[in-house]
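> Pasting entry.txt here (compact mmCIF, C-alpha atoms):
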# COMPACT_ATOMS: atom_id res chain seq x y z
CA MET A 26 -10.92 22.54 -7.00
CA SER A 27 -12.11 22.36 -3.45
CA LEU A 28 -10.86 19.03 -2.29
CA PHE A 29 -13.37 17.09 -0.22
CA ALA A 30 -15.37 20.26 0.16
CA GLN A 31 -18.20 18.84 -1.85
CA ALA A 32 -19.19 16.67 1.06
CA GLU A 33 -22.59 18.07 1.80
CA PRO A 34 -24.83 16.93 4.58
CA ALA A 35 -26.98 14.16 3.21
CA THR A 36 -29.90 15.04 5.41
CA SER A 37 -30.65 17.73 7.90
CA GLY A 38 -29.73 15.45 10.77
CA TRP A 39 -26.29 14.71 9.43
CA LEU A 40 -24.39 17.17 11.56
CA SER A 41 -25.80 16.07 14.85
CA THR A 42 -25.32 12.40 13.95
CA GLY A 43 -21.75 13.04 12.88
CA LEU A 44 -21.07 15.02 16.02
CA LEU A 45 -22.56 12.29 18.17
CA LEU A 46 -20.47 9.69 16.41
CA ALA A 47 -17.33 11.78 16.86
CA ILE A 48 -18.06 12.16 20.57
CA ALA A 49 -18.69 8.42 20.84
CA VAL A 50 -15.43 7.54 19.10
CA THR A 51 -13.45 10.04 21.15
CA SER A 52 -14.87 8.86 24.45
CA LEU A 53 -14.28 5.25 23.48
CA ALA A 54 -10.65 6.01 22.72
CA GLY A 55 -10.31 7.95 25.96
CA SER A 56 -11.85 5.18 28.00
CA LEU A 57 -9.62 2.53 26.43
CA TRP A 58 -6.58 4.71 27.05
CA LEU A 59 -7.57 5.21 30.66
CA LEU A 60 -8.24 1.51 31.17
CA LEU A 61 -5.03 0.23 29.62
CA PRO A 62 -2.15 -0.42 31.99
CA LYS A 63 0.40 2.35 31.83
CA ALA A 64 3.72 2.93 33.44
CA GLY A 65 3.76 5.53 36.18
CA ARG A 66 0.16 6.38 36.90
CA ASP A 67 -2.04 3.50 37.80
CA GLY A 68 -4.69 4.73 40.17
CA ARG A 69 -8.22 3.74 40.83
CA TRP A 70 -9.85 6.93 39.57
CA PRO A 71 -8.63 6.73 36.01
CA ARG A 72 -10.07 3.25 35.77
CA ARG A 73 -13.43 4.30 37.12
CA LEU A 74 -13.46 7.27 34.78
CA GLY A 75 -12.50 4.99 31.93
CA THR A 76 -15.32 2.57 32.73
CA LEU A 77 -17.77 5.45 32.90
CA LEU A 78 -16.55 6.84 29.60
CA GLY A 79 -16.78 3.41 28.02
CA VAL A 80 -20.41 2.98 29.11
CA ALA A 81 -21.18 6.46 27.79
CA ALA A 82 -19.50 5.65 24.48
CA LEU A 83 -21.50 2.45 24.19
CA GLY A 84 -24.73 4.34 24.75
CA LEU A 85 -23.72 6.95 22.19
CA PHE A 86 -22.93 4.24 19.69
CA ILE A 87 -26.33 2.66 20.20
CA VAL A 88 -28.02 6.04 19.80
CA THR A 89 -26.10 6.95 16.68
CA GLY A 90 -26.43 3.47 15.25
CA GLN A 91 -30.07 4.18 14.53
CA ARG A 92 -29.19 7.07 12.31
CA LEU A 93 -25.88 5.95 10.88
CA GLY A 94 -27.53 5.08 7.60
CA ASN A 95 -27.84 8.76 6.92
CA LEU A 96 -24.17 9.42 7.39
CA GLY A 97 -22.95 10.00 3.87
CA GLU A 98 -20.15 8.04 2.33
CA ASP A 99 -18.25 11.31 2.11
CA ALA A 100 -17.36 11.22 5.78
CA VAL A 101 -16.24 7.61 5.56
CA PHE A 102 -14.30 8.40 2.42
CA LEU A 103 -12.58 11.31 4.13
CA ILE A 104 -11.50 9.19 7.07
CA VAL A 105 -10.20 6.20 5.12
CA SER A 106 -8.43 8.37 2.58
CA LEU A 107 -6.76 10.32 5.36
CA VAL A 108 -5.60 7.05 6.89
CA ALA A 109 -4.25 5.93 3.51
CA VAL A 110 -2.45 9.17 2.73
CA ILE A 111 -0.95 9.75 6.17
CA SER A 112 0.33 6.21 6.48
CA ALA A 113 1.70 6.36 2.94
CA ALA A 114 3.69 9.42 3.92
CA ALA A 115 4.90 7.60 7.01
CA THR A 116 5.88 4.62 4.86
CA ILE A 117 8.35 6.59 2.82
CA THR A 118 9.67 8.74 5.66
CA CYS A 119 10.12 6.08 8.33
CA ARG A 120 13.76 5.36 9.15
CA SER A 121 13.34 1.74 10.06
CA PRO A 122 12.32 -0.44 7.12
CA VAL A 123 10.32 -2.74 9.39
CA TYR A 124 8.23 0.16 10.60
CA ALA A 125 7.89 1.32 7.00
CA ALA A 126 6.42 -2.06 6.11
CA ILE A 127 3.97 -1.87 9.02
CA TRP A 128 2.91 1.62 7.97
CA PHE A 129 2.43 0.27 4.49
CA ALA A 130 0.06 -2.32 5.93
CA LEU A 131 -1.98 0.48 7.50
CA CYS A 132 -1.92 2.30 4.18
CA LEU A 133 -3.30 -0.83 2.54
CA ALA A 134 -6.13 -0.88 5.07
CA GLY A 135 -6.95 2.70 4.16
CA VAL A 136 -6.75 1.99 0.45
CA SER A 137 -9.05 -0.98 0.76
CA GLY A 138 -11.46 1.24 2.66
CA VAL A 139 -11.35 3.72 -0.21
CA LEU A 140 -12.00 0.89 -2.66
CA LEU A 141 -14.97 -0.27 -0.60
CA VAL A 142 -16.43 3.23 -0.56
CA LEU A 143 -15.93 3.45 -4.30
CA GLY A 144 -17.97 0.31 -4.74
CA ALA A 145 -15.24 -2.24 -5.43
CA GLN A 146 -16.04 -4.80 -2.79
CA PHE A 147 -14.08 -7.69 -4.21
CA LEU A 148 -11.00 -5.53 -4.79
CA GLY A 149 -11.15 -4.11 -1.28
CA VAL A 150 -11.02 -7.61 0.16
CA ALA A 151 -8.48 -8.82 -2.40
CA THR A 152 -6.16 -5.92 -1.57
CA ILE A 153 -6.10 -6.95 2.05
CA VAL A 154 -5.69 -10.65 1.28
CA VAL A 155 -3.12 -10.38 -1.48
CA TYR A 156 -1.11 -7.39 -0.35
CA ALA A 157 -1.31 -7.36 3.43
CA GLY A 158 -1.64 -11.11 3.71
CA ALA A 159 0.91 -12.32 1.22
CA ILE A 160 3.16 -9.67 -0.27
CA LEU A 161 3.74 -7.65 2.87
CA VAL A 162 4.46 -10.72 4.96
CA MET A 163 7.01 -11.74 2.32
CA PHE A 164 8.62 -8.30 2.62
CA LEU A 165 8.78 -8.63 6.36
CA PHE A 166 10.33 -12.07 6.05
CA VAL A 167 13.06 -10.71 3.81
CA LEU A 168 13.61 -7.71 6.06
CA MET A 169 13.98 -9.82 9.15
CA LEU A 170 16.21 -12.29 7.35
CA ALA A 171 18.41 -9.50 6.10
CA GLN A 172 18.56 -7.10 8.99
CA PRO A 173 18.68 -8.97 12.23
CA SER A 174 19.63 -5.96 14.33
CA GLY A 175 20.39 -2.32 14.15
CA LEU A 176 19.61 0.43 11.74
CA ALA A 177 21.77 0.50 8.62
CA ALA A 178 23.48 3.74 7.76
CA SER A 179 21.82 3.70 4.36
CA ASP A 180 18.41 3.99 6.00
CA ARG A 181 19.36 7.27 7.59
CA VAL A 182 20.38 9.02 4.39
CA THR A 183 18.47 9.54 1.18
CA ASN A 184 19.36 10.27 -2.40
CA GLU A 185 18.66 13.85 -3.40
CA PRO A 186 15.82 14.46 -0.95
CA LEU A 187 15.18 18.04 -2.02
CA LEU A 188 15.02 17.38 -5.73
CA SER A 189 12.83 14.34 -5.32
CA ALA A 190 10.43 16.07 -2.96
CA VAL A 191 10.10 18.96 -5.39
CA ALA A 192 9.54 16.53 -8.25
CA GLY A 193 6.84 14.68 -6.35
CA ALA A 194 5.11 17.89 -5.28
CA VAL A 195 5.19 19.30 -8.80
CA LEU A 196 3.78 16.07 -10.18
CA LEU A 197 1.00 16.15 -7.62
CA GLY A 198 0.28 19.77 -8.47
CA LEU A 199 0.01 18.99 -12.16
CA LEU A 200 -2.21 15.99 -11.52
CA SER A 201 -4.53 17.95 -9.26
CA LEU A 202 -4.72 20.72 -11.87
CA SER A 203 -5.91 18.25 -14.47
CA ILE A 204 -8.25 16.56 -11.99
CA GLY A 205 -9.76 19.91 -11.10
CA ARG A 206 -10.42 20.62 -14.75
CA LEU A 207 -12.59 17.52 -15.07
CA SER A 208 -16.21 18.37 -15.48
CA ALA A 209 -19.36 16.38 -16.09
CA GLU A 210 -20.22 18.51 -19.09
CA ASP A 211 -17.06 17.65 -20.94
CA PRO A 212 -17.73 14.36 -22.66
CA ALA A 213 -14.83 14.68 -25.08
CA CYS A 214 -12.73 12.11 -23.28
CA CYS A 215 -15.43 10.05 -21.71
CA ARG A 216 -18.52 9.67 -23.79
CA PRO A 217 -17.61 7.68 -26.88
CA PRO A 218 -16.16 4.53 -25.30
CA SER A 219 -18.71 4.46 -22.53
CA LYS A 220 -21.60 5.03 -24.89
CA ALA A 221 -20.24 2.51 -27.34
CA ALA A 222 -19.85 -0.09 -24.62
CA ALA A 223 -23.28 0.67 -23.28
CA LEU A 224 -24.96 0.59 -26.66
CA ALA A 225 -23.12 -2.41 -28.03
CA GLY A 226 -24.56 -4.66 -25.35
CA GLU A 227 -21.83 -7.25 -25.32
CA PRO A 228 -23.35 -10.69 -25.31
CA THR A 229 -21.06 -11.99 -22.57
CA SER A 230 -21.35 -8.86 -20.46
CA PRO A 231 -23.81 -9.19 -17.62
CA ALA A 232 -24.74 -5.53 -18.01
CA PRO A 233 -28.05 -5.04 -19.71
CA ALA A 234 -27.70 -3.20 -22.98
CA GLY A 235 -28.12 0.53 -22.94
CA GLU A 236 -27.62 0.92 -19.22
CA THR A 237 -24.69 1.45 -16.98
CA VAL A 238 -24.00 -1.21 -14.39
CA ASP A 239 -25.17 -0.49 -10.91
CA LEU A 240 -21.88 -0.97 -9.16
CA LEU A 241 -23.48 -0.94 -5.75
CA ALA A 242 -25.89 -3.77 -6.45
CA ALA A 243 -25.95 -6.69 -4.07
CA ASP A 244 -24.52 -9.16 -6.60
CA GLN A 245 -21.70 -6.86 -7.59
CA VAL A 246 -18.98 -9.45 -6.94
CA ALA A 247 -20.77 -12.07 -9.01
CA ARG A 248 -21.10 -9.60 -11.86
CA LEU A 249 -17.43 -8.73 -11.64
CA GLY A 250 -16.66 -12.43 -11.89
CA GLY A 251 -18.94 -12.71 -14.87
CA GLU A 252 -17.17 -9.82 -16.54
CA LEU A 253 -13.73 -11.27 -15.74
CA PHE A 254 -14.45 -14.73 -17.05
CA GLY A 255 -16.62 -13.52 -19.88
CA ARG A 256 -15.13 -10.62 -21.76
CA HIS A 257 -11.65 -10.93 -20.30
CA LEU A 258 -11.22 -14.68 -20.27
CA VAL A 259 -8.09 -14.67 -22.43
CA ALA A 260 -6.47 -12.05 -20.24
CA VAL A 261 -7.24 -14.12 -17.16
CA GLU A 262 -5.58 -17.13 -18.77
CA ALA A 263 -2.57 -15.01 -19.67
CA VAL A 264 -2.28 -13.78 -16.10
CA GLY A 265 -2.43 -17.37 -14.90
CA VAL A 266 0.47 -18.25 -17.16
CA LEU A 267 2.32 -15.17 -15.95
CA LEU A 268 1.93 -16.26 -12.34
CA LEU A 269 3.26 -19.71 -13.18
CA VAL A 270 6.22 -18.23 -15.05
CA ALA A 271 7.00 -15.93 -12.13
CA LEU A 272 6.92 -18.89 -9.75
CA ILE A 273 9.21 -21.00 -11.91
CA GLY A 274 11.49 -18.04 -12.55
CA ALA A 275 11.86 -17.26 -8.87
CA ILE A 276 12.72 -20.87 -8.06
CA ALA A 277 15.18 -21.06 -10.95
CA VAL A 278 16.95 -17.86 -9.96
CA VAL A 279 17.27 -18.98 -6.36
CA SER A 280 18.69 -22.40 -7.15
CA HIS A 281 21.10 -21.15 -9.82
CA GLY A 282 22.14 -18.24 -7.64
CA LEU A 283 22.99 -20.54 -4.78
CA GLU A 284 25.07 -22.79 -7.02
CA GLY A 285 26.86 -19.81 -8.48
CA ASP A 286 27.58 -18.38 -5.07
CA GLN A 287 29.00 -21.64 -3.78
CA ALA A 288 31.18 -22.04 -6.85
CA GLU A 289 32.42 -18.49 -6.39
CA ARG A 290 33.19 -19.04 -2.75
CA SER A 291 35.02 -22.31 -3.28
CA SER A 292 37.11 -20.74 -6.02
CA LEU A 293 37.90 -17.87 -3.70
CA GLN A 294 38.96 -20.30 -0.99
CA GLU A 295 41.16 -22.22 -3.33
CA GLY A 296 42.65 -18.93 -4.41
CA GLY A 297 44.48 -18.76 -1.10
CA ARG A 298 42.45 -16.60 1.18
CA PRO A 299 43.90 -16.17 4.64
CA MET B 27 -30.37 8.74 -23.63
CA THR B 28 -28.94 11.97 -22.37
CA PRO B 29 -25.35 12.22 -21.26
CA THR B 30 -26.46 13.04 -17.75
CA ALA B 31 -28.32 9.75 -17.55
CA LEU B 32 -25.24 7.98 -18.82
CA PHE B 33 -22.98 9.59 -16.26
CA ALA B 34 -25.37 9.26 -13.40
CA ALA B 35 -23.48 6.29 -12.00
CA ALA B 36 -21.56 8.46 -9.56
CA PRO B 37 -21.27 12.17 -8.91
CA LEU B 38 -18.25 14.01 -10.15
CA PRO B 39 -16.94 14.95 -6.67
CA LEU B 40 -16.54 11.30 -5.78
CA LEU B 41 -14.49 10.75 -8.92
CA GLN B 42 -12.36 13.79 -8.21
CA ASN B 43 -11.75 12.80 -4.63
CA GLY B 44 -10.81 9.28 -5.63
CA LEU B 45 -8.47 10.52 -8.31
CA MET B 46 -6.92 12.94 -5.85
CA VAL B 47 -6.22 10.19 -3.32
CA GLY B 48 -4.73 8.11 -6.11
CA ALA B 49 -2.56 11.01 -7.23
CA ILE B 50 -1.30 11.65 -3.72
CA LEU B 51 -0.43 7.97 -3.23
CA PHE B 52 1.34 7.89 -6.58
CA SER B 53 3.39 11.00 -5.84
CA LEU B 54 4.37 9.75 -2.41
CA GLY B 55 5.46 6.46 -3.92
CA LEU B 56 7.46 8.32 -6.55
CA VAL B 57 9.27 10.36 -3.92
CA GLY B 58 9.93 7.21 -1.93
CA ILE B 59 11.39 5.28 -4.83
CA LEU B 60 13.58 8.22 -5.80
CA THR B 61 14.98 8.96 -2.36
CA ARG B 62 15.09 5.83 -0.28
CA ARG B 63 18.12 3.58 -0.52
CA ASN B 64 16.88 0.45 1.15
CA LEU B 65 15.92 -1.99 -1.59
CA ILE B 66 12.85 -3.19 0.27
CA VAL B 67 11.59 0.30 1.01
CA MET B 68 12.07 1.21 -2.64
CA PHE B 69 9.94 -1.78 -3.43
CA LEU B 70 7.28 -0.73 -0.96
CA SER B 71 7.22 2.65 -2.66
CA ALA B 72 6.64 0.99 -6.02
CA GLU B 73 3.73 -0.89 -4.48
CA LEU B 74 2.44 2.43 -3.17
CA MET B 75 2.41 3.79 -6.70
CA LEU B 76 0.46 0.72 -7.82
CA GLN B 77 -2.05 1.36 -5.05
CA GLY B 78 -2.53 4.91 -6.26
CA ILE B 79 -3.20 3.64 -9.76
CA SER B 80 -5.67 1.09 -8.43
CA VAL B 81 -7.62 3.75 -6.55
CA SER B 82 -7.77 5.93 -9.66
CA LEU B 83 -8.95 3.05 -11.82
CA VAL B 84 -11.68 2.09 -9.38
CA ALA B 85 -12.80 5.71 -9.13
CA TRP B 86 -13.15 5.86 -12.92
CA SER B 87 -14.96 2.54 -12.87
CA ARG B 88 -17.46 3.85 -10.36
CA TYR B 89 -17.91 7.06 -12.30
CA HIS B 90 -18.68 5.33 -15.55
CA GLY B 91 -20.71 2.56 -14.00
CA ASP B 92 -18.54 0.04 -15.78
CA PHE B 93 -16.48 -2.92 -14.65
CA GLY B 94 -13.50 -2.17 -16.89
CA GLY B 95 -11.49 -0.34 -14.25
CA GLN B 96 -12.05 -3.02 -11.64
CA VAL B 97 -11.05 -5.77 -14.05
CA LEU B 98 -7.86 -3.87 -14.77
CA VAL B 99 -7.15 -3.62 -11.04
CA VAL B 100 -7.51 -7.39 -10.74
CA PHE B 101 -4.76 -7.73 -13.32
CA VAL B 102 -2.67 -5.09 -11.55
CA LEU B 103 -2.95 -7.17 -8.37
CA SER B 104 -1.80 -10.36 -10.10
CA VAL B 105 1.10 -8.67 -11.84
CA ALA B 106 2.11 -7.07 -8.54
CA ALA B 107 2.17 -10.50 -6.94
CA CYS B 108 4.42 -11.84 -9.72
CA GLU B 109 6.64 -8.81 -9.49
CA ALA B 110 6.98 -9.15 -5.74
CA ALA B 111 7.96 -12.81 -6.01
CA VAL B 112 10.62 -12.26 -8.67
CA ALA B 113 12.00 -9.01 -7.29
CA LEU B 114 12.29 -10.32 -3.75
CA VAL B 115 14.38 -13.18 -5.10
CA PHE B 116 16.70 -10.66 -6.69
CA VAL B 117 16.81 -8.58 -3.51
CA LEU B 118 17.74 -11.65 -1.51
CA GLN B 119 20.44 -12.56 -4.04
CA ALA B 120 21.82 -9.03 -3.89
CA PHE B 121 21.80 -9.22 -0.15
CA THR B 122 23.68 -12.49 0.03
CA ARG B 123 26.35 -11.06 -2.29
CA THR B 124 26.91 -7.73 -0.58
CA GLY B 125 25.57 -8.25 2.90
CA ARG B 126 23.64 -5.01 2.66
CA LEU B 127 20.19 -3.95 1.50
CA ASP B 128 21.66 -0.64 0.37
CA SER B 129 21.13 0.16 -3.28
CA ALA B 130 24.38 2.13 -3.25
CA ALA B 131 26.20 -1.18 -2.79
CA TRP B 132 25.52 -1.76 -6.47
CA GLN B 133 26.64 1.59 -7.72
CA SER B 134 29.45 0.03 -9.69
CA LEU B 135 26.71 -0.70 -12.22
CA ARG B 136 26.18 3.01 -12.84
CA GLU B 137 26.93 4.87 -16.04
CA ALA B 138 30.63 5.42 -16.60
CA SER B 139 30.18 9.17 -16.84
CA LEU B 140 28.52 9.52 -13.45
CA ALA B 141 30.48 10.28 -10.33
CA ARG B 142 30.54 7.84 -7.48
CA SER B 143 28.09 8.75 -4.76
CA VAL B 144 29.72 9.02 -1.38
CA ASP B 145 28.01 9.50 1.96
CA HIS B 146 29.69 12.58 3.35
CA GLU B 147 27.73 12.73 6.53
CA ILE B 148 25.57 10.10 8.12
CA PRO B 149 23.24 11.47 10.76
CA ALA B 150 23.47 9.84 14.12
CA ILE B 151 20.64 7.68 15.42
CA ASP B 152 18.44 10.18 17.20
CA ALA B 153 16.88 7.72 19.61
CA PRO B 154 18.43 4.62 21.09
CA LEU B 155 17.21 1.46 19.43
CA PRO B 156 14.59 -0.38 21.42
CA ILE B 157 15.77 -3.53 23.08
CA PHE B 158 13.87 -6.39 21.55
CA PRO B 159 13.22 -9.45 23.65
CA ARG B 160 15.45 -12.44 23.15
CA LEU B 161 14.52 -16.04 23.59
CA THR B 162 16.46 -17.86 26.26
CA PRO B 163 18.49 -20.66 24.74
CA ALA B 164 17.03 -24.06 25.42
CA GLY B 165 17.69 -27.63 24.40
CA VAL B 166 20.82 -29.21 23.05
CA SER B 167 23.17 -26.83 21.28
CA PRO B 168 23.39 -27.79 17.62
CA GLU B 169 26.46 -29.21 15.93
CA PRO B 170 28.52 -26.52 14.23
CA ASP B 171 27.82 -26.62 10.52
CA ALA B 172 30.72 -25.62 8.30
CA ASP B 173 28.40 -24.98 5.40
CA ALA B 174 26.20 -22.65 7.38
CA ALA B 175 29.24 -20.84 8.73
CA LEU B 176 30.36 -20.25 5.18
CA GLN B 177 26.97 -18.80 4.36
CA ARG B 178 26.99 -16.58 7.41
CA GLU B 179 30.41 -15.21 6.69
CA HIS B 180 29.10 -12.75 4.17
CA VAL B 181 26.44 -11.28 6.37
The structure in this file should be written as structure tokens.


Amino acid sequence: MSLFAQAEPATSGWLSTGLLLAIAVTSLAGSLWLLLPKAGRDGRWPRRLGTLLGVAALGLFIVTGQRLGNLGEDAVFLIVSLVAVISAAATITCRSPVYAAIWFALCLAGVSGVLLVLGAQFLGVATIVVYAGAILVMFLFVLMLAQPSGLAASDRVTNEPLLSAVAGAVLLGLLSLSIGRLSAEDPACCRPPSKAAALAGEPTSPAPAGETVDLLAADQVARLGGELFGRHLVAVEAVGVLLLVALIGAIAVVSHGLEGDQAERSSLQEGGRP
Amino acid sequence: MTPTALFAAAPLPLLQNGLMVGAILFSLGLVGILTRRNLIVMFLSAELMLQGISVSLVAWSRYHGDFGGQVLVVFVLSVAACEAAVALVFVLQAFTRTGRLDSAAWQSLREASLARSVDHEIPAIDAPLPIFPRLTPAGVSPEPDADAALQREHV
């Protein structure tokens, strides 16, 4: 399978537009880098050059903006997936857990970009809000509570790095083999459920019978909501109960744990510690 | 209706690329959860695996032109939130007991037949730690709290 190689130019003007956009982005980055205060070199010429580059980048952006509609989603997909994959690798290789969490936030940004390209608008936003906004901040709270300073020795060693890396690589190889064997002409795994769902024309489903849903329609989020609270209403209720149970469970564990710890400590103290 | 009309929701390359990104994220998360010893980083790796699954599900959803995959991802998100809440409580409890976020601090829970894992060699810190800014103390210094001191003792 040629990964990402299927990205073909959408129109004949794709290459020049893409090139223009790349030049614009590069010059914008260069101008910002030149303009930012740096230690050591802080002359007048870099700033002038940076201003010039910035104006040029702005012009290039305006020029390319006219034609950006032609830029296929393949290029966008490539960029956001690269961001996601590279920052995921950095997440698991970073020594400092705080930096690992920050890299994970960047990975989430990339993943939500991938979800947006794939037509899941609500999920792209929800990933940012739920993961980066809530879960990751909770992680960072715990990290900063637990490790006020320094790098623990356990962060500098890993369990069986060679074996695990080989296992991960072999798993990825197997998965990509099976992904590469997918073909549009092989309906053995795909056709019956899809056709059945399409032909059944569920009464609560907003999809019109006999057609697939246009996932890129303007009211995609509303349709997703309709699907969630129509066909999957019971599951939504169950998830609501699950969230409540998790909340109560967390509170219960914390309060009981604190009591248990204090009882343990007081018994230790009575036991004649120095 | 021909199968091609049914599958016209998205081209196959998009599905394959999405599945590939999902597979890479999943494998990276797997390696992370197997190797890393910090409890929180292990947890981040588990979340990474969930992200890979989400990307794969959404790619399938786009390919089939069906909301099933996206609905499943909504549930994955909610379960991940529950999991994070409960597991972080346990991580905090483990930390207050041992004073470390190291998973090897709990290796007394291992199988009886397994050997104890010992760090033979800990690599030195390659770069000096950055000096983080400190707030200058201000205001009245608080009364010493015996209870808080007892809590701190373990850390």

> Find the residues in chain B near chain A: any atom within 7 Å counts, using only C-alpha atoms. Write them as number ranges by chain.

B: 32, 38-39, 42-43, 46-47, 49-51, 53-54, 56-58, 60-64, 67, 71, 81, 84-85, 88, 91-93, 97, 104, 107-108, 110-112, 115, 119, 128, 148-149

> Quote the spacing between atom CA of B:Gly44 and atom CA of B:Leu83 in Å to one decimal place.

9.0 Å

> Ranking B:Leu70, B:Ser134, B:Ala150, B:Gly95 by minimum distance to B:Ala113 and counting all atoms listed in the file, which one comes first?

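Nearest candidate to B:Ala113 out of B:Leu70, B:Ser134, B:Ala150, B:Gly95: B:Leu70.
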
> Record the distance separating atom CA of B:Glu137 and atom CA of B:Phe69, expressed in Å with one decimal.

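Rounded to one decimal, the two atoms are 22.2 Å apart.
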
> By how many Å are atom CA of A:Gly149 and atom CA of B:Tyr89 apart?

17.1 Å

> Generate the missing atoms of stretch 81-99 of chain B up to N, CA and C atoms and report them as a tab-separated table (two decimals), keeping the file's coordinate frame.


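out.tsv, written as the output of this step:
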chain	number	residue	atom	x	y	z
B	81	VAL	N	-6.55	2.88	-7.05
B	81	VAL	CA	-7.62	3.75	-6.55
B	81	VAL	C	-8.18	4.59	-7.69
B	82	SER	N	-7.29	5.11	-8.54
B	82	SER	CA	-7.77	5.93	-9.66
B	82	SER	C	-8.65	5.11	-10.60
B	83	LEU	N	-8.19	3.90	-10.90
B	83	LEU	CA	-8.95	3.05	-11.82
B	83	LEU	C	-10.34	2.73	-11.27
B	84	VAL	N	-10.39	2.43	-9.97
B	84	VAL	CA	-11.68	2.09	-9.38
B	84	VAL	C	-12.58	3.31	-9.34
B	85	ALA	N	-11.98	4.49	-9.12
B	85	ALA	CA	-12.80	5.71	-9.13
B	85	ALA	C	-13.41	5.93	-10.51
B	86	TRP	N	-12.61	5.73	-11.56
B	86	TRP	CA	-13.15	5.86	-12.92
B	86	TRP	C	-14.23	4.83	-13.17
B	87	SER	N	-13.99	3.61	-12.68
B	87	SER	CA	-14.96	2.54	-12.87
B	87	SER	C	-16.30	2.90	-12.24
B	88	ARG	N	-16.22	3.45	-11.04
B	88	ARG	CA	-17.46	3.85	-10.36
B	88	ARG	C	-18.14	4.98	-11.11
B	89	TYR	N	-17.33	5.90	-11.62
B	89	TYR	CA	-17.91	7.06	-12.30
B	89	TYR	C	-18.65	6.65	-13.55
B	90	HIS	N	-18.06	5.72	-14.30
B	90	HIS	CA	-18.68	5.33	-15.55
B	90	HIS	C	-19.72	4.25	-15.37
B	91	GLY	N	-19.80	3.67	-14.17
B	91	GLY	CA	-20.71	2.56	-14.00
B	91	GLY	C	-20.35	1.38	-14.87
B	92	ASP	N	-19.04	1.05	-14.86
B	92	ASP	CA	-18.54	0.04	-15.78
B	92	ASP	C	-17.50	-0.78	-15.04
B	93	PHE	N	-17.40	-2.06	-15.39
B	93	PHE	CA	-16.48	-2.92	-14.65
B	93	PHE	C	-15.05	-2.89	-15.19
B	94	GLY	N	-14.82	-2.13	-16.26
B	94	GLY	CA	-13.50	-2.17	-16.89
B	94	GLY	C	-12.37	-1.82	-15.94
B	95	GLY	N	-12.55	-0.75	-15.16
B	95	GLY	CA	-11.49	-0.34	-14.25
B	95	GLY	C	-11.21	-1.40	-13.21
B	96	GLN	N	-12.26	-2.00	-12.68
B	96	GLN	CA	-12.05	-3.02	-11.64
B	96	GLN	C	-11.36	-4.25	-12.21
B	97	VAL	N	-11.71	-4.61	-13.43
B	97	VAL	CA	-11.05	-5.77	-14.05
B	97	VAL	C	-9.56	-5.47	-14.22
B	98	LEU	N	-9.26	-4.24	-14.62
B	98	LEU	CA	-7.86	-3.87	-14.77
B	98	LEU	C	-7.12	-3.95	-13.44
B	99	VAL	N	-7.80	-3.56	-12.36
B	99	VAL	CA	-7.15	-3.62	-11.04
B	99	VAL	C	-6.88	-5.06	-10.64
